[in-house]
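Shown below: structure14.txt, with compact mmCIF, C-alpha atoms.
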```txt
# COMPACT_ATOMS: atom_id res chain seq x y z
CA MET A 1 83.84 87.82 97.10
CA ARG A 2 86.06 87.69 94.04
CA ARG A 3 86.62 91.40 94.38
CA LEU A 4 88.07 91.08 97.86
CA PRO A 5 91.63 90.17 96.80
CA LEU A 6 91.57 93.04 94.31
CA ALA A 7 90.34 95.45 96.98
CA LEU A 8 93.05 94.24 99.37
CA LEU A 9 95.65 94.64 96.65
CA LEU A 10 94.52 98.18 95.89
CA PHE A 11 94.46 99.00 99.59
CA ALA A 12 97.98 97.66 100.04
CA LEU A 13 99.14 99.58 96.96
CA ALA A 14 97.58 102.80 98.24
CA GLY A 15 99.21 102.25 101.60
CA THR A 16 102.53 101.76 99.92
CA LEU A 17 102.17 104.86 97.78
CA TYR A 18 101.20 107.09 100.65
CA ALA A 19 103.53 105.72 103.29
CA GLY A 20 104.68 108.34 105.72
CA PRO A 21 107.86 110.14 104.74
CA GLY A 22 111.07 109.84 106.67
CA ASN A 23 109.80 107.08 108.93
CA GLY A 24 113.01 105.08 108.84
CA GLU A 25 111.19 102.10 107.38
CA TRP A 26 113.96 101.70 104.83
CA LEU A 27 116.44 100.68 107.54
CA ARG A 28 114.65 97.35 107.91
CA LYS A 29 115.05 96.63 104.21
CA VAL A 30 118.84 96.89 104.08
CA PRO A 31 120.38 93.45 103.48
CA ALA A 32 123.00 92.41 106.05
CA LYS A 33 125.85 92.36 103.54
CA ASP A 34 125.08 95.94 102.54
CA ARG A 35 124.64 97.07 106.14
CA ASN A 36 128.13 95.90 107.01
CA ARG A 37 129.94 97.43 104.05
CA ALA A 38 132.84 99.65 105.06
CA ASN A 39 133.26 103.11 103.60
CA PRO A 40 136.40 102.96 101.42
CA LEU A 41 136.75 106.75 101.64
CA ALA A 42 136.26 107.09 105.40
CA SER A 43 139.85 108.17 105.95
CA ASP A 44 140.12 110.36 102.84
CA PRO A 45 140.40 113.97 104.08
CA ASP A 46 138.94 115.30 100.81
CA ALA A 47 135.88 113.05 100.92
CA PRO A 48 133.70 115.16 103.27
CA ILE A 49 134.57 118.32 101.30
CA ALA A 50 133.69 116.69 98.00
CA GLY A 51 130.62 115.17 99.66
CA ALA A 52 129.50 118.62 100.78
CA LYS A 53 129.79 119.80 97.19
CA ILE A 54 127.67 116.89 95.95
CA PHE A 55 125.17 117.52 98.75
CA ALA A 56 124.83 121.18 97.75
CA ALA A 57 124.25 120.22 94.12
CA HIS A 58 121.79 117.38 94.59
CA CYS A 59 120.40 117.17 98.10
CA ALA A 60 120.18 120.66 99.60
CA ALA A 61 117.04 121.62 97.67
CA CYS A 62 115.04 119.04 99.62
CA HIS A 63 117.02 118.57 102.84
CA GLY A 64 118.05 122.21 103.33
CA ALA A 65 121.40 123.89 102.79
CA GLN A 66 122.54 122.89 106.27
CA ALA A 67 120.88 119.45 106.04
CA GLU A 68 118.37 120.70 108.60
CA GLY A 69 115.38 119.15 106.78
CA LYS A 70 112.31 120.85 105.36
CA THR A 71 108.69 120.47 106.22
CA ASP A 72 105.66 121.94 104.51
CA ALA A 73 102.01 121.05 104.15
CA LYS A 74 102.72 118.27 101.67
CA HIS A 75 106.22 117.03 102.43
CA SER A 76 108.50 116.28 105.31
CA ARG A 77 112.14 115.95 104.30
CA PRO A 78 114.20 114.51 107.15
CA ASN A 79 116.74 116.45 109.16
CA LEU A 80 120.05 114.72 108.45
CA HIS A 81 121.52 115.69 111.80
CA SER A 82 119.10 113.23 113.37
CA ASP A 83 120.01 110.31 115.59
CA ARG A 84 118.75 107.96 112.86
CA VAL A 85 121.42 109.18 110.44
CA LYS A 86 124.08 109.29 113.15
CA GLN A 87 123.34 105.72 114.18
CA ALA A 88 123.03 104.33 110.65
CA THR A 89 126.08 102.46 109.42
CA PRO A 90 127.91 103.81 106.36
CA GLY A 91 126.68 100.75 104.46
CA GLU A 92 123.07 101.54 105.32
CA LEU A 93 123.41 105.13 104.12
CA PHE A 94 125.12 103.95 100.94
CA TRP A 95 122.29 101.49 100.36
CA LEU A 96 119.71 104.26 100.81
CA LEU A 97 121.52 106.55 98.37
CA THR A 98 121.76 103.74 95.84
CA ASN A 99 118.18 102.50 96.08
CA GLY A 100 116.36 105.57 97.28
CA SER A 101 113.07 105.24 99.07
CA LEU A 102 110.88 105.85 96.07
CA ASN A 103 107.58 105.54 97.91
CA ASN A 104 108.66 108.27 100.30
CA GLY A 105 109.97 110.70 97.70
CA MET A 106 113.67 109.90 98.09
CA PRO A 107 115.04 109.25 94.59
CA SER A 108 117.66 106.69 93.74
CA TRP A 109 121.12 108.21 93.31
CA SER A 110 122.58 105.23 91.54
CA ARG A 111 123.37 107.57 88.67
CA LEU A 112 126.10 109.05 90.83
CA PRO A 113 129.16 106.81 90.59
CA ALA A 114 129.85 104.75 93.72
CA PRO A 115 132.84 106.89 94.83
CA GLN A 116 130.58 109.98 94.85
CA ARG A 117 127.97 108.16 96.93
CA TRP A 118 130.69 107.18 99.43
CA GLN A 119 131.83 110.82 99.50
CA LEU A 120 128.26 111.77 100.37
CA VAL A 121 128.17 109.15 103.11
CA THR A 122 131.42 110.56 104.52
CA PHE A 123 129.91 114.04 104.51
CA LEU A 124 126.72 112.85 106.23
CA LYS A 125 128.77 111.09 108.88
CA SER A 126 130.74 114.30 109.46
CA LEU A 127 127.61 116.32 110.27
CA PRO A 128 127.53 117.54 113.88
CA MET B 1 109.84 132.36 40.72
CA PRO B 2 109.81 130.80 44.22
CA PRO B 3 107.60 127.76 44.76
CA PRO B 4 104.36 128.42 46.63
CA GLN B 5 104.31 127.93 50.39
CA THR B 6 102.28 124.95 51.47
CA SER B 7 102.09 126.01 55.12
CA VAL B 8 101.46 129.24 56.92
CA PRO B 9 104.64 130.24 58.73
CA LEU B 10 102.95 131.78 61.76
CA ALA B 11 103.87 129.31 64.47
CA GLY B 12 107.60 129.91 64.20
CA PRO B 13 107.50 133.47 65.56
CA ARG B 14 105.20 132.26 68.32
CA ILE B 15 107.74 129.65 69.36
CA ALA B 16 110.46 132.25 69.09
CA ALA B 17 108.49 134.43 71.51
CA ILE B 18 107.68 131.66 73.97
CA PHE B 19 111.14 130.14 74.16
CA PRO B 20 112.97 133.17 75.66
CA CYS B 21 110.16 133.53 78.22
CA VAL B 22 110.64 129.94 79.36
CA ILE B 23 114.41 130.39 79.58
CA ALA B 24 113.94 133.67 81.46
CA LEU B 25 111.63 131.89 83.92
CA ALA B 26 114.28 129.23 84.41
CA LEU B 27 116.95 131.83 85.13
CA LEU B 28 114.61 133.76 87.39
CA LEU B 29 113.97 130.68 89.45
CA CYS B 30 117.71 130.00 89.53
CA SER B 31 118.67 126.55 88.36
CA ARG B 32 120.70 124.58 90.86
CA THR B 33 121.24 121.04 89.74
CA TYR B 34 121.92 119.69 86.33
CA ALA B 35 120.18 117.40 83.97
CA GLN B 36 120.58 113.70 84.22
CA GLU B 37 120.67 111.60 81.17
CA ASN B 38 123.64 111.46 78.91
CA TYR B 39 121.80 110.53 75.73
CA PHE B 40 119.59 112.15 73.11
CA VAL B 41 117.40 109.28 71.98
CA THR B 42 118.02 106.53 74.52
CA TYR B 43 116.37 106.62 77.94
CA SER B 44 117.93 105.21 81.06
CA HIS B 45 116.13 104.43 84.33
CA GLU B 46 117.06 107.81 85.78
CA MET B 47 113.95 109.69 86.74
CA GLU B 48 113.46 113.37 87.41
CA GLU B 49 113.72 114.13 91.12
CA PRO B 50 110.23 114.71 92.56
CA GLY B 51 109.24 118.37 92.41
CA ASN B 52 112.03 119.31 89.98
CA LEU B 53 111.39 120.75 86.54
CA GLU B 54 113.85 120.40 83.70
CA ILE B 55 113.54 122.72 80.74
CA ALA B 56 115.49 121.66 77.70
CA ALA B 57 115.81 122.48 74.05
CA LYS B 58 116.71 119.38 72.07
CA ASN B 59 117.87 120.41 68.64
CA VAL B 60 118.81 118.50 65.54
CA THR B 61 120.06 119.82 62.26
CA GLY B 62 120.79 118.05 59.02
CA SER B 63 121.08 118.49 55.30
CA PRO B 64 119.53 115.51 53.57
CA LYS B 65 120.92 114.58 50.19
CA SER B 66 118.61 115.93 47.45
CA GLY B 67 116.66 117.89 50.05
CA ASN B 68 116.76 121.13 52.00
CA ALA B 69 118.69 121.67 55.21
CA PHE B 70 116.53 121.70 58.32
CA PHE B 71 116.73 122.68 61.98
CA ALA B 72 114.26 121.13 64.39
CA THR B 73 113.73 121.88 68.06
CA ALA B 74 111.82 120.00 70.71
CA LEU B 75 111.22 122.15 73.78
CA GLU B 76 111.06 119.72 76.66
CA LEU B 77 109.40 120.30 80.03
CA GLU B 78 110.15 117.38 82.34
CA TYR B 79 108.65 117.18 85.82
CA GLY B 80 109.19 114.67 88.59
CA VAL B 81 105.73 113.82 89.91
CA LYS B 82 107.01 111.07 92.21
CA ALA B 83 110.40 109.49 92.65
CA TRP B 84 109.08 106.64 90.46
CA TRP B 85 107.04 108.68 87.96
CA THR B 86 108.26 111.35 85.54
CA THR B 87 106.09 113.20 83.07
CA GLU B 88 107.23 115.28 80.09
CA LEU B 89 105.70 117.62 77.56
CA TYR B 90 107.45 118.27 74.26
CA LEU B 91 106.61 121.12 71.91
CA ASP B 92 108.08 120.51 68.46
CA GLY B 93 108.95 122.96 65.74
CA GLN B 94 111.23 123.12 62.75
CA THR B 95 112.52 125.34 60.04
CA THR B 96 113.53 124.17 56.59
CA THR B 97 115.68 126.19 54.22
CA ASP B 98 113.71 127.81 51.37
CA GLN B 99 110.45 126.53 52.84
CA SER B 100 108.99 127.61 56.18
CA THR B 101 109.21 127.63 59.95
CA LEU B 102 106.38 125.95 61.75
CA PHE B 103 105.08 124.38 64.93
CA THR B 104 104.69 120.68 64.31
CA GLY B 105 102.88 119.43 67.38
CA PHE B 106 103.24 118.14 70.91
CA ARG B 107 104.07 114.96 72.75
CA TRP B 108 103.15 113.98 76.28
CA GLU B 109 105.08 111.15 77.82
CA ASN B 110 105.16 109.36 81.13
CA ARG B 111 107.81 107.08 82.58
CA VAL B 112 107.14 104.78 85.50
CA ARG B 113 109.54 102.59 87.44
CA PRO B 114 107.65 99.44 88.43
CA LEU B 115 110.44 98.09 90.66
CA LEU B 116 111.31 100.36 93.52
CA ARG B 117 114.86 99.16 94.15
CA GLU B 118 118.02 98.99 92.10
CA HIS B 119 118.62 95.74 90.26
CA TRP B 120 121.16 94.54 87.72
CA ILE B 121 118.65 95.51 85.05
CA ASN B 122 116.10 98.18 85.92
CA PRO B 123 112.95 98.28 83.82
CA VAL B 124 111.00 101.46 83.16
CA LEU B 125 107.65 101.58 81.37
CA TYR B 126 107.18 104.47 78.98
CA PHE B 127 103.89 105.71 77.48
CA GLU B 128 103.59 108.60 75.07
CA PHE B 129 100.84 110.30 73.14
CA GLU B 130 101.93 112.31 70.11
CA ASN B 131 99.85 114.81 68.19
CA ILE B 132 102.20 115.92 65.44
CA ASN B 133 101.98 116.54 61.74
CA GLY B 134 103.87 115.29 58.73
CA ALA B 135 106.36 118.14 58.86
CA ASP B 136 107.81 117.09 62.21
CA LYS B 137 111.57 116.61 62.02
CA ALA B 138 112.51 116.39 65.71
CA LEU B 139 113.78 112.81 65.26
CA LEU B 140 113.26 111.97 68.91
CA GLU B 141 113.11 108.35 67.85
CA VAL B 142 113.30 106.31 64.68
CA VAL B 143 110.71 103.57 64.12
CA GLY B 144 109.29 101.43 61.36
CA HIS B 145 110.53 102.42 57.93
CA ASP B 146 111.36 106.03 58.83
CA ALA B 147 113.94 107.16 56.31
CA ARG B 148 115.72 110.13 54.78
CA ALA B 149 113.13 110.17 52.00
CA ASP B 150 110.53 111.41 54.53
CA PHE B 151 112.49 114.66 54.73
CA LEU B 152 112.58 115.40 51.01
CA GLY B 153 109.02 116.64 50.53
CA ARG B 154 107.84 120.15 51.24
CA ASN B 155 106.69 121.16 54.70
CA HIS B 156 103.02 120.41 55.04
CA ARG B 157 100.77 120.10 58.01
CA SER B 158 97.95 118.25 56.34
CA GLU B 159 99.16 114.82 57.46
CA LYS B 160 98.10 114.43 61.09
CA LYS B 161 99.86 111.86 63.23
CA ARG B 162 98.09 110.97 66.43
CA GLU B 163 100.23 108.20 67.76
CA ALA B 164 100.67 106.12 70.88
CA GLU B 165 104.18 105.05 71.68
CA PHE B 166 105.34 102.49 74.19
CA LYS B 167 108.88 101.78 75.28
CA LEU B 168 110.40 99.16 77.48
CA ILE B 169 113.47 100.79 78.96
CA LEU B 170 116.09 98.48 80.43
CA SER B 171 118.98 100.14 82.17
CA SER B 172 121.93 99.16 84.35
CA ASN B 173 124.48 101.12 86.34
CA PHE B 174 127.75 99.30 86.93
CA LYS B 175 131.13 100.65 88.02
CA GLY B 176 130.33 104.14 86.85
CA TRP B 177 128.90 102.97 83.54
CA ASN B 178 125.31 103.20 82.43
CA VAL B 179 124.11 100.79 79.77
CA SER B 180 120.57 101.27 78.47
CA GLU B 181 118.43 99.46 75.93
CA ASN B 182 115.07 100.73 74.68
CA ILE B 183 112.55 98.67 72.74
CA ILE B 184 110.01 100.88 70.98
CA ALA B 185 106.52 100.13 69.67
CA GLU B 186 104.52 102.93 68.05
CA LYS B 187 101.00 102.93 66.64
CA ASN B 188 99.28 105.58 64.61
CA LEU B 189 95.83 105.73 66.14
CA SER B 190 94.26 105.80 62.71
CA ASN B 191 94.32 102.55 60.83
CA ALA B 192 98.05 101.86 60.59
CA PRO B 193 100.22 98.94 61.65
CA TRP B 194 102.46 98.89 64.70
CA GLU B 195 105.97 100.17 64.03
CA PHE B 196 109.03 99.11 65.96
CA GLY B 197 112.41 100.56 66.78
CA TYR B 198 115.29 100.38 69.20
CA ALA B 199 117.84 102.60 70.93
CA LEU B 200 121.00 101.55 72.72
CA GLY B 201 123.40 103.63 74.78
CA ALA B 202 126.42 103.39 77.07
CA SER B 203 127.80 106.29 79.06
CA ARG B 204 130.32 107.09 81.75
CA ALA B 205 131.41 110.21 83.61
CA LEU B 206 135.03 111.11 82.90
CA ALA B 207 135.82 110.92 86.63
CA LEU B 208 134.02 108.78 89.18
CA ALA B 209 134.94 110.69 92.34
CA ALA B 210 134.18 114.37 92.82
CA SER B 211 137.06 116.73 93.40
CA ALA B 212 137.18 118.68 96.63
CA LYS B 213 137.42 122.05 94.93
CA SER B 214 134.69 123.93 93.11
CA CYS B 215 135.36 123.85 89.41
CA ARG B 216 133.53 124.03 86.13
CA PHE B 217 136.02 122.06 84.10
CA CYS B 218 136.59 119.16 86.51
CA ARG B 219 136.38 115.81 84.77
CA GLU B 220 133.41 114.72 86.89
CA ASN B 221 131.31 117.40 85.18
CA PHE B 222 131.77 115.74 81.79
CA ALA B 223 130.24 112.50 80.56
CA LEU B 224 130.96 110.64 77.39
CA ALA B 225 128.47 108.30 75.79
CA ALA B 226 127.79 106.39 72.61
CA GLU B 227 124.36 105.64 71.28
CA MET B 228 122.81 103.81 68.37
CA TYR B 229 119.18 103.79 67.29
CA GLY B 230 117.03 102.82 64.35
CA GLY B 231 113.87 101.27 63.00
CA LEU B 232 112.85 97.63 63.04
CA GLY B 233 110.07 97.70 60.46
CA GLU B 234 106.38 97.21 60.96
CA ARG B 235 104.09 94.49 62.16
CA HIS B 236 103.80 93.03 58.64
CA SER B 237 107.40 93.65 57.61
CA PHE B 238 109.44 93.27 60.77
CA GLY B 239 113.20 93.42 60.39
CA LEU B 240 115.96 95.62 59.06
CA HIS B 241 114.75 95.84 55.45
CA ASP B 242 114.14 99.47 54.39
CA THR B 243 114.97 100.88 57.79
CA SER B 244 117.39 103.60 58.85
CA HIS B 245 119.99 103.50 61.61
CA TYR B 246 122.29 106.00 63.29
CA ALA B 247 125.20 105.94 65.70
CA GLY B 248 127.34 108.56 67.32
CA PRO B 249 129.21 109.77 70.38
CA VAL B 250 127.60 112.11 72.91
CA LEU B 251 129.47 114.62 75.05
CA THR B 252 127.71 116.20 78.05
CA TRP B 253 128.99 119.06 80.17
CA ASN B 254 127.08 119.64 83.39
CA ILE B 255 128.05 123.15 84.43
CA PRO B 256 127.82 123.44 88.24
CA ASN B 257 125.01 125.82 89.25
CA GLY B 258 124.21 126.25 85.58
CA PRO B 259 122.87 124.54 82.53
CA SER B 260 123.88 121.28 80.92
CA LEU B 261 125.18 121.31 77.39
CA ARG B 262 125.16 118.24 75.19
CA LEU B 263 126.50 117.62 71.71
CA SER B 264 126.30 114.60 69.47
CA PRO B 265 127.30 114.11 65.85
CA ASN B 266 125.21 111.25 64.46
CA PHE B 267 126.21 109.22 61.43
CA GLY B 268 123.78 107.36 59.20
CA LEU B 269 124.63 103.69 58.90
CA ASN B 270 122.90 102.88 55.61
CA SER B 271 121.55 104.51 52.47
CA ASN B 272 118.10 105.10 54.01
CA SER B 273 119.63 107.25 56.74
CA HIS B 274 120.71 110.87 56.70
CA GLY B 275 124.44 110.88 56.15
CA PHE B 276 125.05 113.21 59.08
CA LEU B 277 122.96 114.81 61.81
CA MET B 278 124.18 117.19 64.48
CA ARG B 279 122.29 117.13 67.75
CA PHE B 280 122.77 119.62 70.53
CA MET B 281 120.87 120.41 73.67
CA VAL B 282 120.75 123.00 76.43
CA SER B 283 118.91 122.17 79.63
CA TYR B 284 118.21 123.78 82.98
CA GLU B 285 116.91 121.97 85.98
CA ILE B 286 114.93 123.91 88.55
CA ASP B 287 114.75 122.41 92.01
CA GLN B 288 111.40 122.19 93.76
CA VAL B 289 109.72 124.45 91.25
CA LEU B 290 106.28 124.54 92.87
CA SER B 291 107.74 125.50 96.26
CA LYS B 292 109.66 128.31 94.59
CA LEU B 293 106.57 129.54 92.78
CA ARG B 294 104.71 129.53 96.10
CA GLY B 295 107.56 131.61 97.53
CA ARG B 296 108.82 129.05 100.04
```

For the file at hand, write its structure as structure tokens.
Amino acid sequence: MRRLPLALLLFALAGTLYAGPGNGEWLRKVPAKDRNRANPLASDPDAPIAGAKIFAAHCAACHGAQAEGKTDAKHSRPNLHSDRVKQATPGELFWLLTNGSLNNGMPSWSRLPAPQRWQLVTFLKSLP
Amino acid sequence: MPPPQTSVPLAGPRIAAIFPCVIALALLLCSRTYAQENYFVTYSHEMEEPGNLEIAAKNVTGSPKSGNAFFATALELEYGVKAWWTTELYLDGQTTTDQSTLFTGFRWENRVRPLLREHWINPVLYFEFENINGADKALLEVVGHDARADFLGRNHRSEKKREAEFKLILSSNFKGWNVSENIIAEKNLSNAPWEFGYALGASRALALAASAKSCRFCRENFALAAEMYGGLGERHSFGLHDTSHYAGPVLTWNIPNGPSLRLSPNFGLNSNSHGFLMRFMVSYEIDQVLSKLRGR
């Protein structure tokens, strides 16, 4: 009986580690104050161009050069032209870039300075 | 008459043969992104992206007072297993003037992020196993009573060091700055006391926003850092007595679609330290290396 909590803990941990990729679970974790943050570079005409450059350097390897996503036997990297990305607020995308979704293979990009993460958000929001 | 060699200088040519092959593999696979950290000794909470492989040569050269000049290289292979778990293999070698060139051992380290979100202070747990010998001069960390005097003897591989090393890495990103603190505990697996050390670093990119044009010399491709590290004695003699300490600036240039170059002059802060060390590093990061090897 004593082993039951340990077994439950291990089960929960395993579930966490092998959570399905790209399931949008992260959206529920975004705090309200982050969700409502405005993009300070939304009206900067250079921001989507600079964001595309950052995307090519850091994101394209997983998400595809055209942000079309990549799927293979082991991984499913989301298509960033999806409705989920289109409907996400800039604050939610910024939160995801900052925190990552480490269980699902999305690294934290907090090492990029905040203006670069906002440039990325602007680029993602400019995708058709 | 030259003094007799105390080691067989066979491993050096082997390293010399392996190293170009590794670099050629990196170029063949076409590096795309650049390396992450802006320090030589200090670790931050930045992890390797999952599936990416970073190949780096961390070099240090010095000329200890009353000793022979040396050049040590640690060939680093860093792989992102998960977004929260990075593993690294180091192959160490060194050459010492008027002595020999030799392979000095390997290190295998793992870094794990226990907290999966960003916080003001982000902890990372670090575990390393080292199998090196007494001739190792890579100076990837300074612990215990490590001192310049350790570098004055002749190269010899008879002293085996099988050591376990643990680090608590604390790291924060704030307004474009990274501030990292490492607390180090190392134990020779034979009967030896725990040794302690520290490393501190602060870094910042020269520009926080990316420019809209493609450029190699844009300020956002450069980062400037300062780091300080040293020993904190042993379990039975904890403190600064008979320890060595270093500090210095670090300049990193992340060349877009190319390697990262890093340079750091280090200055010894007391009489136990080397007066001056020059560190430099070249690194390539290969995106999604296994997918590329599978031809996808």

Q: Enumerate as JSON, numbers by chain the residues belonging to chain A that approach chain B to within 10 Å, with all atoms listed in the file taken into account.
A: {"A": [17, 45, 46, 47, 48, 49, 50, 51, 52, 53, 54, 56, 57, 58, 59, 60, 61, 62, 72, 95, 96, 98, 99, 100, 101, 102, 103, 104, 105, 106, 107, 108, 109, 110, 111, 112, 113, 114, 115, 116, 117, 118, 119, 120]}

Q.
One number please: CA of Glu285 (chain B) to CA of Met228 (chain B), in Å, one decimal.
A. 26.0 Å

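In this structure, CA of Gly231 (chain B) sits 15.3 Å away from CA of Gly201 (chain B).
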
Q: Quick one: everything within 12 Å of region 79-85 of chain A, counting only C-alpha atoms, minus sequence neighbours fewer than 5 positions away in the same chain. Send it as number ranges by chain.
A: A: 21-27, 55, 59-60, 62-71, 90-94, 96, 120-128

Q. Can you tell me how far CA of Phe166 (chain B) sits from CA of Glu109 (chain B), in Å to one decimal?
A. 9.4 Å

(Q) Excluding Leu277 (chain B) and its own-chain neighbours fewer than 6 positions away, which residues fall within 12 Å of it when counting all atoms listed in the file? Please give them as number ranges by chain. (A) B: 59-65, 69-72, 137-139, 148, 245-249, 263-269

Q) Pick the closest to Gly275 (chain B) from B:Thr73, B:Arg262, B:Ala147, B:Gly153: which is it, counting only C-alpha atoms? A)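 Under the stated criterion, the closest residue is B:Ala147.
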
Q) Counting only C-alpha atoms, which residues come within 12 Å of (103.5, 116.6, 80.7), with the point read in the file's coordinates, and could you list them as a list in words? A) Leu53, Glu54, Ile55, Leu75, Glu76, Leu77, Glu78, Tyr79, Gly80, Val81, Trp85, Thr86, Thr87, Glu88, Leu89, Tyr90, Leu91, Phe106, Arg107, Trp108, Glu109, Asn110, Arg111, Phe127, Glu128, Phe129 and Glu130 of chain B

Box dimensions and centre (Å, one decimal) enclosing region 34-50 of chain A, axis-aligned, 6 Å extra per side, as lines of an AutoDock Vina configuration file:
```
center_x = 132.5
center_y = 107.1
center_z = 102.5
size_x = 27.8
size_y = 34.4
size_z = 21.0
```

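Ranking B:Tyr126, B:Glu234, B:Phe40, B:Tyr284 by their shortest atom-to-atom distance to Pro114 (chain B), with all atoms listed in the file included, puts B:Tyr126 first.
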